[in-house]
$ cat start-v7.txt   # compact mmCIF, C-alpha atoms
# COMPACT_ATOMS: atom_id res chain seq x y z
CA MET A 36 44.23 175.78 96.80
CA THR A 37 47.54 174.12 97.66
CA PRO A 38 49.73 173.97 94.53
CA SER A 39 50.51 170.41 93.54
CA ILE A 40 53.18 170.44 90.86
CA TYR A 41 54.87 167.64 88.97
CA ILE A 42 58.29 168.50 87.47
CA ALA A 43 59.71 166.24 84.76
CA ALA A 44 63.37 166.34 83.69
CA VAL A 45 65.32 163.52 82.04
CA GLU A 46 68.68 165.12 81.22
CA ASN A 47 71.41 166.48 83.48
CA SER A 48 70.96 170.15 82.54
CA ALA A 49 67.17 169.83 82.85
CA ASP A 50 67.59 168.19 86.25
CA HIS A 51 69.46 171.27 87.48
CA LEU A 52 66.80 173.58 86.02
CA GLY A 53 64.14 171.53 87.78
CA ALA A 54 66.00 171.76 91.07
CA GLU A 55 66.35 175.55 90.82
CA LEU A 56 62.70 175.89 89.84
CA ALA A 57 61.63 173.72 92.79
CA ALA A 58 63.71 175.77 95.22
CA HIS A 59 62.09 179.03 94.09
CA ILE A 60 58.58 177.54 94.08
CA ARG A 61 59.09 176.54 97.71
CA VAL A 62 60.27 180.03 98.65
CA ASN A 63 57.17 181.61 97.11
CA ALA A 64 54.70 178.82 97.98
CA PRO A 65 56.04 176.98 101.05
CA ASN A 66 53.02 174.67 101.18
CA ALA A 67 53.43 173.49 97.58
CA ASN A 68 53.44 169.74 97.02
CA LEU A 69 56.27 168.96 94.58
CA MET A 70 56.73 165.63 92.81
CA GLY A 71 58.55 164.57 89.72
CA ILE A 72 61.01 162.76 87.53
CA GLY A 73 64.63 163.81 87.69
CA GLY A 74 68.16 163.14 88.83
CA ALA A 75 70.49 163.99 91.70
CA ALA A 76 69.86 167.75 91.69
CA MET A 77 66.11 167.36 92.04
CA ALA A 78 66.60 164.62 94.62
CA ALA A 79 68.65 167.10 96.67
CA GLN A 80 65.51 169.27 96.67
CA GLY A 81 63.54 166.36 98.08
CA ILE A 82 61.98 165.26 94.79
CA GLU A 83 62.66 161.56 94.40
CA SER A 84 62.31 160.42 90.81
CA LYS A 85 59.22 158.36 90.06
CA ILE A 86 60.92 156.60 87.13
CA ASP A 87 64.46 155.70 86.13
CA ILE A 88 65.82 158.41 83.79
CA SER A 89 69.06 156.63 82.88
CA GLY A 90 69.47 156.27 79.14
CA LEU A 91 66.91 158.97 78.33
CA ALA A 92 69.46 161.69 77.46
CA ILE A 93 69.31 160.94 73.72
CA LEU A 94 70.11 163.16 70.78
CA GLY A 95 69.85 162.21 67.14
CA PHE A 96 67.57 160.39 64.72
CA VAL A 97 69.51 157.10 64.65
CA GLU A 98 70.19 157.11 68.38
CA GLY A 99 66.48 157.67 69.00
CA LEU A 100 65.49 154.75 66.79
CA LYS A 101 67.83 152.42 68.66
CA SER A 102 66.31 153.42 71.99
CA TYR A 103 62.71 153.77 70.81
CA PRO A 104 61.17 150.82 72.71
CA MET A 105 62.78 151.96 75.96
CA ILE A 106 61.65 155.55 75.36
CA LEU A 107 58.05 154.46 74.81
CA ASP A 108 58.12 152.39 78.01
CA ARG A 109 59.40 155.35 80.03
CA VAL A 110 56.93 157.73 78.39
CA LYS A 111 54.09 155.40 79.38
CA ALA A 112 55.44 155.19 82.93
CA ALA A 113 55.78 158.98 83.12
CA VAL A 114 52.20 159.54 81.92
CA GLU A 115 50.85 157.00 84.40
CA SER A 116 52.84 158.56 87.23
CA ILE A 117 51.58 162.07 86.42
CA MET A 118 47.97 160.93 86.01
CA SER A 119 48.02 159.16 89.39
CA SER A 120 49.84 162.00 91.18
CA GLY A 121 46.89 164.34 91.54
CA ALA A 122 49.10 167.23 90.39
CA ASN A 123 47.22 170.28 89.12
CA ALA A 124 50.18 171.25 86.94
CA VAL A 125 53.00 169.43 85.19
CA ILE A 126 56.18 171.13 84.01
CA LEU A 127 58.01 169.38 81.17
CA ILE A 128 61.62 170.58 80.97
CA ASP A 129 63.54 170.55 77.66
CA SER A 130 64.09 167.11 75.94
CA TRP A 131 61.75 167.62 72.98
CA GLY A 132 61.46 164.01 71.82
CA PHE A 133 60.56 162.61 75.23
CA MET A 134 58.45 165.46 76.54
CA ILE A 135 56.24 165.91 73.48
CA ARG A 136 55.34 162.23 73.76
CA VAL A 137 54.49 162.73 77.42
CA ALA A 138 52.37 165.77 76.54
CA LYS A 139 50.52 163.79 73.86
CA GLY A 140 50.02 160.92 76.31
CA LEU A 141 48.57 163.26 78.92
CA LYS A 142 46.14 164.77 76.41
CA LYS A 143 45.03 161.30 75.31
CA ALA A 144 44.59 160.24 78.94
CA GLY A 145 42.40 163.27 79.65
CA TYR A 146 44.73 165.11 82.03
CA GLN A 147 42.84 168.12 83.46
CA GLY A 148 45.76 170.10 84.92
CA HIS A 149 48.00 172.71 83.34
CA VAL A 150 50.70 171.35 81.01
CA ILE A 151 53.63 173.79 80.96
CA LYS A 152 56.69 173.38 78.73
CA TYR A 153 59.88 174.87 80.15
CA LEU A 154 62.37 175.67 77.34
CA ALA A 155 61.20 175.85 73.77
CA PRO A 156 62.46 173.62 70.98
CA GLN A 157 64.98 175.69 69.02
CA VAL A 158 62.70 176.33 66.08
CA TRP A 159 64.75 179.42 65.21
CA ALA A 160 67.58 177.00 64.35
CA MET A 161 65.65 174.18 62.67
CA ARG A 162 62.29 172.41 62.39
CA GLU A 163 59.97 175.40 62.78
CA GLY A 164 57.01 173.02 62.41
CA ARG A 165 57.54 171.92 65.99
CA SER A 166 56.02 175.20 67.17
CA LYS A 167 52.60 174.20 65.79
CA ILE A 168 52.86 170.70 67.26
CA LEU A 169 53.77 172.04 70.71
CA ALA A 170 50.81 174.43 70.64
CA GLN A 171 48.44 171.48 70.27
CA TYR A 172 49.60 169.67 73.39
CA VAL A 173 50.71 172.18 76.03
CA ASP A 174 48.96 175.12 77.68
CA HIS A 175 51.86 177.48 78.28
CA LEU A 176 55.50 177.88 77.27
CA LEU A 177 58.30 179.32 79.41
CA THR A 178 61.08 180.47 77.12
CA ILE A 179 64.65 181.61 77.75
CA HIS A 180 65.04 183.56 74.48
CA SER A 181 63.27 186.87 73.90
CA PHE A 182 62.90 186.09 70.19
CA ASP A 183 61.02 182.78 70.69
CA ALA A 184 57.50 184.08 71.28
CA PRO A 185 56.35 184.88 67.70
CA TYR A 186 57.10 181.34 66.52
CA PHE A 187 54.60 179.92 69.03
CA GLU A 188 52.09 182.67 69.67
CA LYS A 189 51.00 182.63 66.02
CA HIS A 190 49.70 179.11 66.74
CA GLY A 191 47.83 180.25 69.84
CA LEU A 192 50.31 179.10 72.49
CA PRO A 193 50.78 181.60 75.37
CA VAL A 194 54.48 182.34 75.94
CA SER A 195 56.28 183.84 78.93
CA TYR A 196 59.89 184.99 78.50
CA ILE A 197 61.66 184.37 81.80
CA GLY A 198 65.30 184.85 80.77
CA ASN A 199 68.05 182.24 80.70
CA PRO A 200 68.59 180.47 84.06
CA ILE A 201 72.12 179.59 83.00
CA PHE A 202 73.06 183.17 83.85
CA ASP A 203 71.69 182.97 87.40
CA THR A 204 74.88 181.32 88.66
CA ASP A 205 78.31 182.81 89.38
CA TYR A 206 80.63 180.51 87.45
CA LYS A 207 83.75 182.28 88.77
CA GLN A 208 83.15 181.16 92.36
CA GLY A 209 85.46 178.12 92.24
CA ASP A 210 88.68 177.65 94.23
CA GLY A 211 91.25 176.75 91.61
CA GLU A 212 94.29 177.08 93.85
CA ASN A 213 92.89 174.63 96.39
CA LEU A 214 92.02 172.09 93.69
CA ARG A 215 95.52 172.33 92.25
CA ARG A 216 96.98 171.70 95.71
CA GLU A 217 94.68 168.71 96.25
CA LEU A 218 95.80 167.17 92.97
CA GLY A 219 99.46 167.98 93.46
CA ILE A 220 99.53 170.31 90.46
CA LYS A 221 102.35 172.84 90.58
CA PRO A 222 101.51 176.53 90.09
CA ASP A 223 103.41 176.67 86.80
CA ASP A 224 101.85 173.51 85.32
CA ASP A 225 99.20 174.00 82.65
CA VAL A 226 95.78 172.40 83.17
CA VAL A 227 93.29 171.42 80.47
CA SER A 228 89.74 170.63 81.55
CA ILE A 229 87.73 168.12 79.51
CA PHE A 230 83.95 167.89 79.25
CA PHE A 231 82.74 164.74 77.50
CA GLY A 232 79.07 165.70 77.20
CA SER A 233 75.91 164.77 79.06
CA ARG A 234 74.66 161.95 76.82
CA LEU A 235 76.00 158.46 76.16
CA SER A 236 75.94 159.12 72.41
CA GLU A 237 78.14 162.19 72.91
CA ILE A 238 80.66 160.26 74.96
CA GLN A 239 80.73 157.47 72.38
CA GLN A 240 81.30 159.94 69.54
CA LEU A 241 83.97 162.03 71.29
CA ALA A 242 85.91 159.56 73.46
CA LYS A 243 88.39 158.56 70.73
CA PRO A 244 89.15 162.03 69.30
CA PHE A 245 89.46 163.39 72.84
CA ALA A 246 91.81 160.52 73.72
CA ASP A 247 93.81 161.22 70.55
CA ALA A 248 94.07 164.87 71.54
CA VAL A 249 95.12 164.03 75.11
CA ALA A 250 97.86 161.73 73.80
CA LEU A 251 99.18 164.31 71.34
CA LEU A 252 99.17 167.09 73.93
CA LYS A 253 100.79 164.88 76.58
CA ASP A 254 103.51 163.82 74.15
CA LYS A 255 104.58 167.43 73.58
CA ARG A 256 103.91 168.61 77.14
CA PRO A 257 104.66 165.81 79.64
CA LYS A 258 103.77 168.07 82.61
CA LEU A 259 100.34 168.96 81.22
CA LYS A 260 97.47 167.97 83.52
CA PHE A 261 93.94 166.97 82.50
CA VAL A 262 90.87 167.10 84.74
CA SER A 263 87.22 166.35 84.05
CA PRO A 264 84.22 166.89 86.36
CA VAL A 265 81.67 164.17 85.63
CA SER A 266 78.01 163.98 86.65
CA GLU A 267 76.62 160.82 88.25
CA SER A 268 74.40 160.24 85.22
CA ILE A 269 77.39 159.68 82.90
CA ALA A 270 80.09 158.55 85.36
CA THR A 271 79.72 154.88 84.41
CA ASP A 272 79.92 155.71 80.69
CA VAL A 273 83.00 157.92 81.07
CA ASN A 274 84.74 155.34 83.27
CA GLY A 275 83.87 152.70 80.69
CA ALA A 276 85.42 154.82 77.93
CA ALA A 277 88.58 155.27 80.02
CA GLY A 278 88.71 151.52 80.59
CA GLU A 279 88.55 150.85 76.85
CA ASP A 280 91.06 153.57 75.88
CA LEU A 281 93.88 153.74 78.41
CA ARG A 282 94.98 157.13 77.10
CA LEU A 283 91.97 158.63 78.88
CA GLN A 284 93.40 157.45 82.19
CA ASP A 285 95.63 160.53 82.04
CA VAL A 286 92.41 162.47 82.74
CA VAL A 287 91.62 162.90 86.45
CA LEU A 288 87.88 162.37 86.89
CA LEU A 289 86.20 164.41 89.60
CA PRO A 290 82.62 164.69 90.91
CA GLU A 291 80.47 167.24 89.11
CA ALA A 292 80.31 169.20 92.36
CA ARG A 293 83.92 170.29 91.70
CA LYS A 294 83.06 171.80 88.31
CA PHE A 295 83.46 175.43 89.38
CA ASP A 296 86.81 174.59 90.98
CA VAL A 297 87.85 173.02 87.67
CA PHE A 298 86.77 176.18 85.82
CA ALA A 299 89.00 178.22 88.14
CA ALA A 300 91.95 175.81 87.99
CA CYS A 301 92.22 175.23 84.25
CA ASP A 302 93.96 177.27 81.57
CA VAL A 303 92.00 175.89 78.62
CA ALA A 304 88.92 173.68 78.18
CA LEU A 305 88.11 171.03 75.59
CA ALA A 306 84.36 170.57 75.62
CA CYS A 307 81.47 168.84 73.96
CA SER A 308 79.05 171.48 72.70
CA GLY A 309 76.23 172.06 75.15
CA THR A 310 75.25 173.96 78.28
CA VAL A 311 78.77 173.69 79.70
CA THR A 312 80.25 175.78 76.89
CA THR A 313 78.08 178.73 77.95
CA GLN A 314 79.11 178.15 81.57
CA LEU A 315 82.79 178.09 80.56
CA ALA A 316 82.28 181.33 78.65
CA CYS A 317 80.71 182.95 81.73
CA ALA A 318 83.77 181.88 83.73
CA GLY A 319 86.07 183.29 81.05
CA VAL A 320 87.73 179.96 80.26
CA PRO A 321 89.23 179.84 76.73
CA SER A 322 87.52 176.82 75.21
CA VAL A 323 87.70 174.53 72.21
CA VAL A 324 84.30 173.09 71.26
CA ALA A 325 83.66 169.78 69.52
CA TYR A 326 80.57 167.92 68.35
CA ARG A 327 79.91 164.78 66.36
CA LEU A 328 76.71 162.94 65.48
CA ASN A 329 75.93 159.63 63.90
CA GLY A 330 76.52 160.06 60.16
CA LEU A 331 72.87 159.72 59.14
CA THR A 332 71.70 162.04 61.92
CA TYR A 333 74.27 164.62 60.84
CA ALA A 334 73.20 164.41 57.21
CA VAL A 335 69.62 165.21 58.24
CA ALA A 336 70.61 167.95 60.71
CA LYS A 337 72.96 169.66 58.25
CA ARG A 338 70.10 170.19 55.81
CA LEU A 339 67.82 171.66 58.48
CA TYR A 340 70.14 173.65 60.76
CA LYS A 341 70.18 177.41 60.09
CA PRO A 342 72.86 179.14 62.26
CA ASN A 343 76.53 179.32 61.29
CA TYR A 344 77.68 178.11 64.72
CA ILE A 345 76.66 175.46 67.24
CA SER A 346 77.53 177.28 70.48
CA ILE A 347 74.97 179.75 71.81
CA VAL A 348 77.72 182.23 72.71
CA ASN A 349 79.17 182.10 69.18
CA ILE A 350 75.69 182.39 67.65
CA ALA A 351 74.95 185.46 69.77
CA ALA A 352 78.34 187.02 68.97
CA GLY A 353 78.13 186.21 65.27
CA LYS A 354 81.70 184.95 65.35
CA ALA A 355 83.79 182.10 66.77
CA LEU A 356 84.78 183.32 70.22
CA MET A 357 85.30 179.62 70.92
CA PRO A 358 86.85 177.57 68.08
CA GLU A 359 84.35 174.93 66.92
CA PHE A 360 85.01 171.56 65.29
CA VAL A 361 82.06 169.61 63.91
CA GLN A 362 81.75 166.08 62.51
CA ALA A 363 84.74 165.21 60.25
CA GLU A 364 86.67 168.18 61.68
CA VAL A 365 86.65 166.49 65.10
CA THR A 366 90.08 164.85 65.01
CA GLY A 367 92.71 164.51 67.68
CA GLU A 368 95.10 166.57 65.56
CA ASN A 369 92.66 169.49 65.14
CA LEU A 370 91.63 169.53 68.78
CA ALA A 371 95.19 169.24 70.09
CA GLN A 372 96.40 172.02 67.80
CA SER A 373 93.60 174.37 68.85
CA VAL A 374 94.25 173.70 72.55
CA SER A 375 97.99 174.15 71.94
CA ASP A 376 97.39 177.52 70.32
CA TYR A 377 95.91 178.72 73.60
CA LEU A 378 98.56 177.06 75.77
CA ASP A 379 101.36 178.59 73.72
CA ASN A 380 100.01 182.14 73.79
CA LYS A 381 99.08 183.76 77.10
CA ASP A 382 97.94 186.97 75.37
CA MET A 383 95.59 184.92 73.19
CA ARG A 384 94.13 183.23 76.29
CA GLU A 385 93.59 186.53 78.06
CA ALA A 386 91.97 188.11 75.02
CA ALA A 387 89.65 185.12 74.60
CA SER A 388 88.73 185.19 78.29
CA LYS A 389 87.82 188.88 78.19
CA ALA A 390 85.80 188.47 74.98
CA LEU A 391 83.83 185.51 76.38
CA MET A 392 82.97 187.28 79.62
CA ALA A 393 81.98 190.46 77.77
CA GLN A 394 79.68 188.50 75.46
CA THR A 395 77.98 186.54 78.25
CA ASP A 396 77.60 189.72 80.33
CA ALA A 397 75.77 191.24 77.36
CA MET A 398 73.53 188.16 77.15
CA LYS A 399 72.52 188.17 80.82
CA GLY A 400 70.04 190.99 80.78
CA LYS A 401 69.22 192.82 84.00
CA GLY A 402 67.29 192.24 87.15
CA GLY A 403 66.46 189.17 89.16
CA SER A 404 66.78 185.47 88.68
CA ALA A 405 65.31 183.64 85.69
CA SER A 406 64.53 180.63 87.87
CA GLU A 407 62.60 182.82 90.29
CA ARG A 408 60.68 184.41 87.40
CA ALA A 409 59.89 180.92 86.12
CA ALA A 410 58.58 179.87 89.54
CA LEU A 411 56.43 182.97 89.88
CA THR A 412 55.07 182.50 86.38
CA VAL A 413 54.14 178.88 87.10
CA LEU A 414 52.39 179.84 90.35
CA ASP A 415 50.51 182.62 88.56
CA ILE A 416 49.41 180.24 85.78
CA ILE A 417 47.99 177.66 88.17
CA SER A 418 46.39 180.08 90.63
CA PRO A 419 42.57 179.98 90.52
$ encode --input "start-v7.txt" --output "structure tokens"
Amino acid sequence: MTPSIYIAAVENSADHLGAELAAHIRVNAPNANLMGIGGAAMAAQGIESKIDISGLAILGFVEGLKSYPMILDRVKAAVESIMSSGANAVILIDSWGFMIRVAKGLKKAGYQGHVIKYLAPQVWAMREGRSKILAQYVDHLLTIHSFDAPYFEKHGLPVSYIGNPIFDTDYKQGDGENLRRELGIKPDDDVVSIFFGSRLSEIQQLAKPFADAVALLKDKRPKLKFVSPVSESIATDVNGAAGEDLRLQDVVLLPEARKFDVFAACDVALACSGTVTTQLACAGVPSVVAYRLNGLTYAVAKRLYKPNYISIVNIAAGKALMPEFVQAEVTGENLAQSVSDYLDNKDMREAASKALMAQTDAMKGKGGSASERAALTVLDIISP
């Protein structure tokens, strides 16, 4: 039987996971028919999105309520697209709120194929009840954490640990010297990279404190340069923020494809908490991490969230290898001071870089690619 697989991803990081998964499926099953919902990365693999995913990268209770009608419309469209596709398997990547609704919709519609969830909800951090809900609506779970399985298997959901695909990439491959030359940055000038996040809500929450920090840093260090690689999915939002706050126009915006070059070119990063902070750690970039939510969403999350840190690298290390600022702590003054601490102290930067790379090396595990293991697991699940 020819594998016919539908891959669904509605956020930037999930889009990249979907693209890597698709590439490895094709290597191991060249005749596979791949369809899906995604962004630019999946499109580059020849999977044109069946629905518009813009606006679906949503995090937070209040933000979700505001977008609820749009979410339901897109969920309905996704279910209809999958049901009419003839796919004998659907892979739902990350994005709990959206994907669990799609899974429920497929069950209600009588979908007969395999429903596979790729990435587990972080029930080890909060909302353990989601493990039971997921078990009711999907057939198999691919997880990136070795400790996930017991939370789901006790509810009868088969789990395959495939490792974390984030570690499949060499994040030190960028050409920093060339990027500096292109931008006219002198060898002795310091460079701060800025990562605004992958969701509109993140950009809206962080644009002002990041702008405040940029202004404070620029005032004390006129030669300081700022660069930010921006994905297509948020380019309009970031440009809009820069248009509203002219201080952000000191930040040179680059295509996301230059991200590794930015990693190599910068001395320090200021980043919204998320996948990119792990990537920065892998590259050994000393980083300052920030995160803010809508006030009501934060009040709910604070009561439920278990770990002491928000960054996966810090959680794994059990200490703040990357300084973190959350909610009210996210001020221009705090962020600028933390970045300045790194800029002022080369020994501190070097020590942080070594510690970050050592920690991520310890987290990688050994042998093979997680994306390839995911592809092989999917093909094994759907084989007759």
$ closest_residue --input "start-v7.txt" --among "A:Ala113, A:Gly53, A:Ala67, A:Thr204" --to "Gly403 of chain A" --atoms "all atoms listed in the file"
A:Thr204
$ atom_distance --input "start-v7.txt" --atom1 "atom CA of Asn329 of chain A" --atom2 "atom CA of Phe245 of chain A"
16.6 Å
$ closest_residue --input "start-v7.txt" --among "A:Ser48, A:Gln284, A:Gln372, A:Ser308" --to "Tyr326 of chain A" --atoms "only C-alpha atoms"
A:Ser308
$ atom_distance --input "start-v7.txt" --atom1 "atom CA of Ala316 of chain A" --atom2 "atom CA of Met392 of chain A"
6.1 Å
$ atom_distance --input "start-v7.txt" --atom1 "atom CA of Tyr196 of chain A" --atom2 "atom CA of Asp50 of chain A"
20.0 Å
$ closest_residue --input "start-v7.txt" --among "A:Ser406, A:Asn213, A:Ser84, A:Ser236" --to "Asn199 of chain A" --atoms "all atoms listed in the file"
A:Ser406
$ residues_around --input "start-v7.txt" --residues "Tyr153 of chain A" --least-positions-apart "6" --cutoff "9 Å" --atoms "all atoms listed in the file" --output "short mmCIF file (atom, residue, chain, number, x, y, z; two decimals) with C-alpha atoms, in the frame of the given file"
data_model
loop_
_atom_site.label_atom_id
_atom_site.label_comp_id
_atom_site.auth_asym_id
_atom_site.auth_seq_id
_atom_site.Cartn_x
_atom_site.Cartn_y
_atom_site.Cartn_z
CA ILE A 126 56.18 171.13 84.01
CA LEU A 127 58.01 169.38 81.17
CA ILE A 128 61.62 170.58 80.97
CA ASP A 129 63.54 170.55 77.66
CA HIS A 175 51.86 177.48 78.28
CA LEU A 176 55.50 177.88 77.27
CA LEU A 177 58.30 179.32 79.41
CA THR A 178 61.08 180.47 77.12
CA ILE A 179 64.65 181.61 77.75
CA ALA A 409 59.89 180.92 86.12
#
$ closest_residue --input "start-v7.txt" --among "A:Ile135, A:Val173, A:Leu52, A:Val324" --to "Phe230 of chain A" --atoms "only C-alpha atoms"
A:Val324
$ closest_residue --input "start-v7.txt" --among "A:Ala144, A:Leu235, A:Ala78, A:Val335" --to "Arg162 of chain A" --atoms "all atoms listed in the file"
A:Val335
$ residues_near_point --input "start-v7.txt" --point "(51.1, 177.0, 92.2)" --cutoff "12 Å" --atoms "all atoms listed in the file" --output "PyMOL selection string"
chain A and resi 36-41+56-57+59-69+122-126+148-149+151+409-419
$ write_last_selection --input "start-v7.txt" --atoms "C-alpha atoms" --output "PDB file, in the frame of the given file"
ATOM      1  CA  MET A  36      44.230 175.780  96.800  1.00  0.00           C
ATOM      2  CA  THR A  37      47.540 174.120  97.660  1.00  0.00           C
ATOM      3  CA  PRO A  38      49.730 173.970  94.530  1.00  0.00           C
ATOM      4  CA  SER A  39      50.510 170.410  93.540  1.00  0.00           C
ATOM      5  CA  ILE A  40      53.180 170.440  90.860  1.00  0.00           C
ATOM      6  CA  TYR A  41      54.870 167.640  88.970  1.00  0.00           C
ATOM      7  CA  LEU A  56      62.700 175.890  89.840  1.00  0.00           C
ATOM      8  CA  ALA A  57      61.630 173.720  92.790  1.00  0.00           C
ATOM      9  CA  HIS A  59      62.090 179.030  94.090  1.00  0.00           C
ATOM     10  CA  ILE A  60      58.580 177.540  94.080  1.00  0.00           C
ATOM     11  CA  ARG A  61      59.090 176.540  97.710  1.00  0.00           C
ATOM     12  CA  VAL A  62      60.270 180.030  98.650  1.00  0.00           C
ATOM     13  CA  ASN A  63      57.170 181.610  97.110  1.00  0.00           C
ATOM     14  CA  ALA A  64      54.700 178.820  97.980  1.00  0.00           C
ATOM     15  CA  PRO A  65      56.040 176.980 101.050  1.00  0.00           C
ATOM     16  CA  ASN A  66      53.020 174.670 101.180  1.00  0.00           C
ATOM     17  CA  ALA A  67      53.430 173.490  97.580  1.00  0.00           C
ATOM     18  CA  ASN A  68      53.440 169.740  97.020  1.00  0.00           C
ATOM     19  CA  LEU A  69      56.270 168.960  94.580  1.00  0.00           C
ATOM     20  CA  ALA A 122      49.100 167.230  90.390  1.00  0.00           C
ATOM     21  CA  ASN A 123      47.220 170.280  89.120  1.00  0.00           C
ATOM     22  CA  ALA A 124      50.180 171.250  86.940  1.00  0.00           C
ATOM     23  CA  VAL A 125      53.000 169.430  85.190  1.00  0.00           C
ATOM     24  CA  ILE A 126      56.180 171.130  84.010  1.00  0.00           C
ATOM     25  CA  GLY A 148      45.760 170.100  84.920  1.00  0.00           C
ATOM     26  CA  HIS A 149      48.000 172.710  83.340  1.00  0.00           C
ATOM     27  CA  ILE A 151      53.630 173.790  80.960  1.00  0.00           C
ATOM     28  CA  ALA A 409      59.890 180.920  86.120  1.00  0.00           C
ATOM     29  CA  ALA A 410      58.580 179.870  89.540  1.00  0.00           C
ATOM     30  CA  LEU A 411      56.430 182.970  89.880  1.00  0.00           C
ATOM     31  CA  THR A 412      55.070 182.500  86.380  1.00  0.00           C
ATOM     32  CA  VAL A 413      54.140 178.880  87.100  1.00  0.00           C
ATOM     33  CA  LEU A 414      52.390 179.840  90.350  1.00  0.00           C
ATOM     34  CA  ASP A 415      50.510 182.620  88.560  1.00  0.00           C
ATOM     35  CA  ILE A 416      49.410 180.240  85.780  1.00  0.00           C
ATOM     36  CA  ILE A 417      47.990 177.660  88.170  1.00  0.00           C
ATOM     37  CA  SER A 418      46.390 180.080  90.630  1.00  0.00           C
ATOM     38  CA  PRO A 419      42.570 179.980  90.520  1.00  0.00           C
TER      39      PRO A 419
END
$ closest_residue --input "start-v7.txt" --among "A:Gly330, A:Gly198, A:Gly275, A:Gly74" --to "Ala242 of chain A" --atoms "all atoms listed in the file"
A:Gly275
$ residues_around --input "start-v7.txt" --residues "Lys221 of chain A" --least-positions-apart "3" --cutoff "10 Å" --atoms "all atoms listed in the file" --output "number ranges by chain"
A: 212, 215-216, 218, 224-226, 258, 260
$ residues_around --input "start-v7.txt" --residues "Ser181 of chain A" --least-positions-apart "4" --cutoff "12 Å" --atoms "all atoms listed in the file" --output "PyMOL selection string"
chain A and resi 154-155+159+177+185-186+194-199+398-400
$ residues_around --input "start-v7.txt" --residues "Val137 of chain A" --least-positions-apart "3" --cutoff "12 Å" --atoms "all atoms listed in the file" --output "VMD selection string"
chain A and resid 43 to 45 106 to 118 125 to 134 140 to 144 146 150 to 152 169 172 to 173
$ write_last_selection --input "start-v7.txt" --atoms "C-alpha atoms" --output "PDB file, in the coordinates of the input"
ATOM      1  CA  ALA A  43      59.710 166.240  84.760  1.00  0.00           C
ATOM      2  CA  ALA A  44      63.370 166.340  83.690  1.00  0.00           C
ATOM      3  CA  VAL A  45      65.320 163.520  82.040  1.00  0.00           C
ATOM      4  CA  ILE A 106      61.650 155.550  75.360  1.00  0.00           C
ATOM      5  CA  LEU A 107      58.050 154.460  74.810  1.00  0.00           C
ATOM      6  CA  ASP A 108      58.120 152.390  78.010  1.00  0.00           C
ATOM      7  CA  ARG A 109      59.400 155.350  80.030  1.00  0.00           C
ATOM      8  CA  VAL A 110      56.930 157.730  78.390  1.00  0.00           C
ATOM      9  CA  LYS A 111      54.090 155.400  79.380  1.00  0.00           C
ATOM     10  CA  ALA A 112      55.440 155.190  82.930  1.00  0.00           C
ATOM     11  CA  ALA A 113      55.780 158.980  83.120  1.00  0.00           C
ATOM     12  CA  VAL A 114      52.200 159.540  81.920  1.00  0.00           C
ATOM     13  CA  GLU A 115      50.850 157.000  84.400  1.00  0.00           C
ATOM     14  CA  SER A 116      52.840 158.560  87.230  1.00  0.00           C
ATOM     15  CA  ILE A 117      51.580 162.070  86.420  1.00  0.00           C
ATOM     16  CA  MET A 118      47.970 160.930  86.010  1.00  0.00           C
ATOM     17  CA  VAL A 125      53.000 169.430  85.190  1.00  0.00           C
ATOM     18  CA  ILE A 126      56.180 171.130  84.010  1.00  0.00           C
ATOM     19  CA  LEU A 127      58.010 169.380  81.170  1.00  0.00           C
ATOM     20  CA  ILE A 128      61.620 170.580  80.970  1.00  0.00           C
ATOM     21  CA  ASP A 129      63.540 170.550  77.660  1.00  0.00           C
ATOM     22  CA  SER A 130      64.090 167.110  75.940  1.00  0.00           C
ATOM     23  CA  TRP A 131      61.750 167.620  72.980  1.00  0.00           C
ATOM     24  CA  GLY A 132      61.460 164.010  71.820  1.00  0.00           C
ATOM     25  CA  PHE A 133      60.560 162.610  75.230  1.00  0.00           C
ATOM     26  CA  MET A 134      58.450 165.460  76.540  1.00  0.00           C
ATOM     27  CA  GLY A 140      50.020 160.920  76.310  1.00  0.00           C
ATOM     28  CA  LEU A 141      48.570 163.260  78.920  1.00  0.00           C
ATOM     29  CA  LYS A 142      46.140 164.770  76.410  1.00  0.00           C
ATOM     30  CA  LYS A 143      45.030 161.300  75.310  1.00  0.00           C
ATOM     31  CA  ALA A 144      44.590 160.240  78.940  1.00  0.00           C
ATOM     32  CA  TYR A 146      44.730 165.110  82.030  1.00  0.00           C
ATOM     33  CA  VAL A 150      50.700 171.350  81.010  1.00  0.00           C
ATOM     34  CA  ILE A 151      53.630 173.790  80.960  1.00  0.00           C
ATOM     35  CA  LYS A 152      56.690 173.380  78.730  1.00  0.00           C
ATOM     36  CA  LEU A 169      53.770 172.040  70.710  1.00  0.00           C
ATOM     37  CA  TYR A 172      49.600 169.670  73.390  1.00  0.00           C
ATOM     38  CA  VAL A 173      50.710 172.180  76.030  1.00  0.00           C
TER      39      VAL A 173
END
$ residues_around --input "start-v7.txt" --residues "Glu279 of chain A" --least-positions-apart "5" --cutoff "12 Å" --atoms "only C-alpha atoms" --output "list of chain:residue names"
A:Gln239, A:Ala242, A:Lys243, A:Ala246, A:Asp272, A:Val273, A:Asn274, A:Gln284
$ axis_aligned_box --input "start-v7.txt" --around "segment 56-65 of chain A" --padding-each-side "8 Å" --output "AutoDock Vina command-line options"
--center_x 59.2 --center_y 177.7 --center_z 95.4 --size_x 25.0 --size_y 23.9 --size_z 27.2
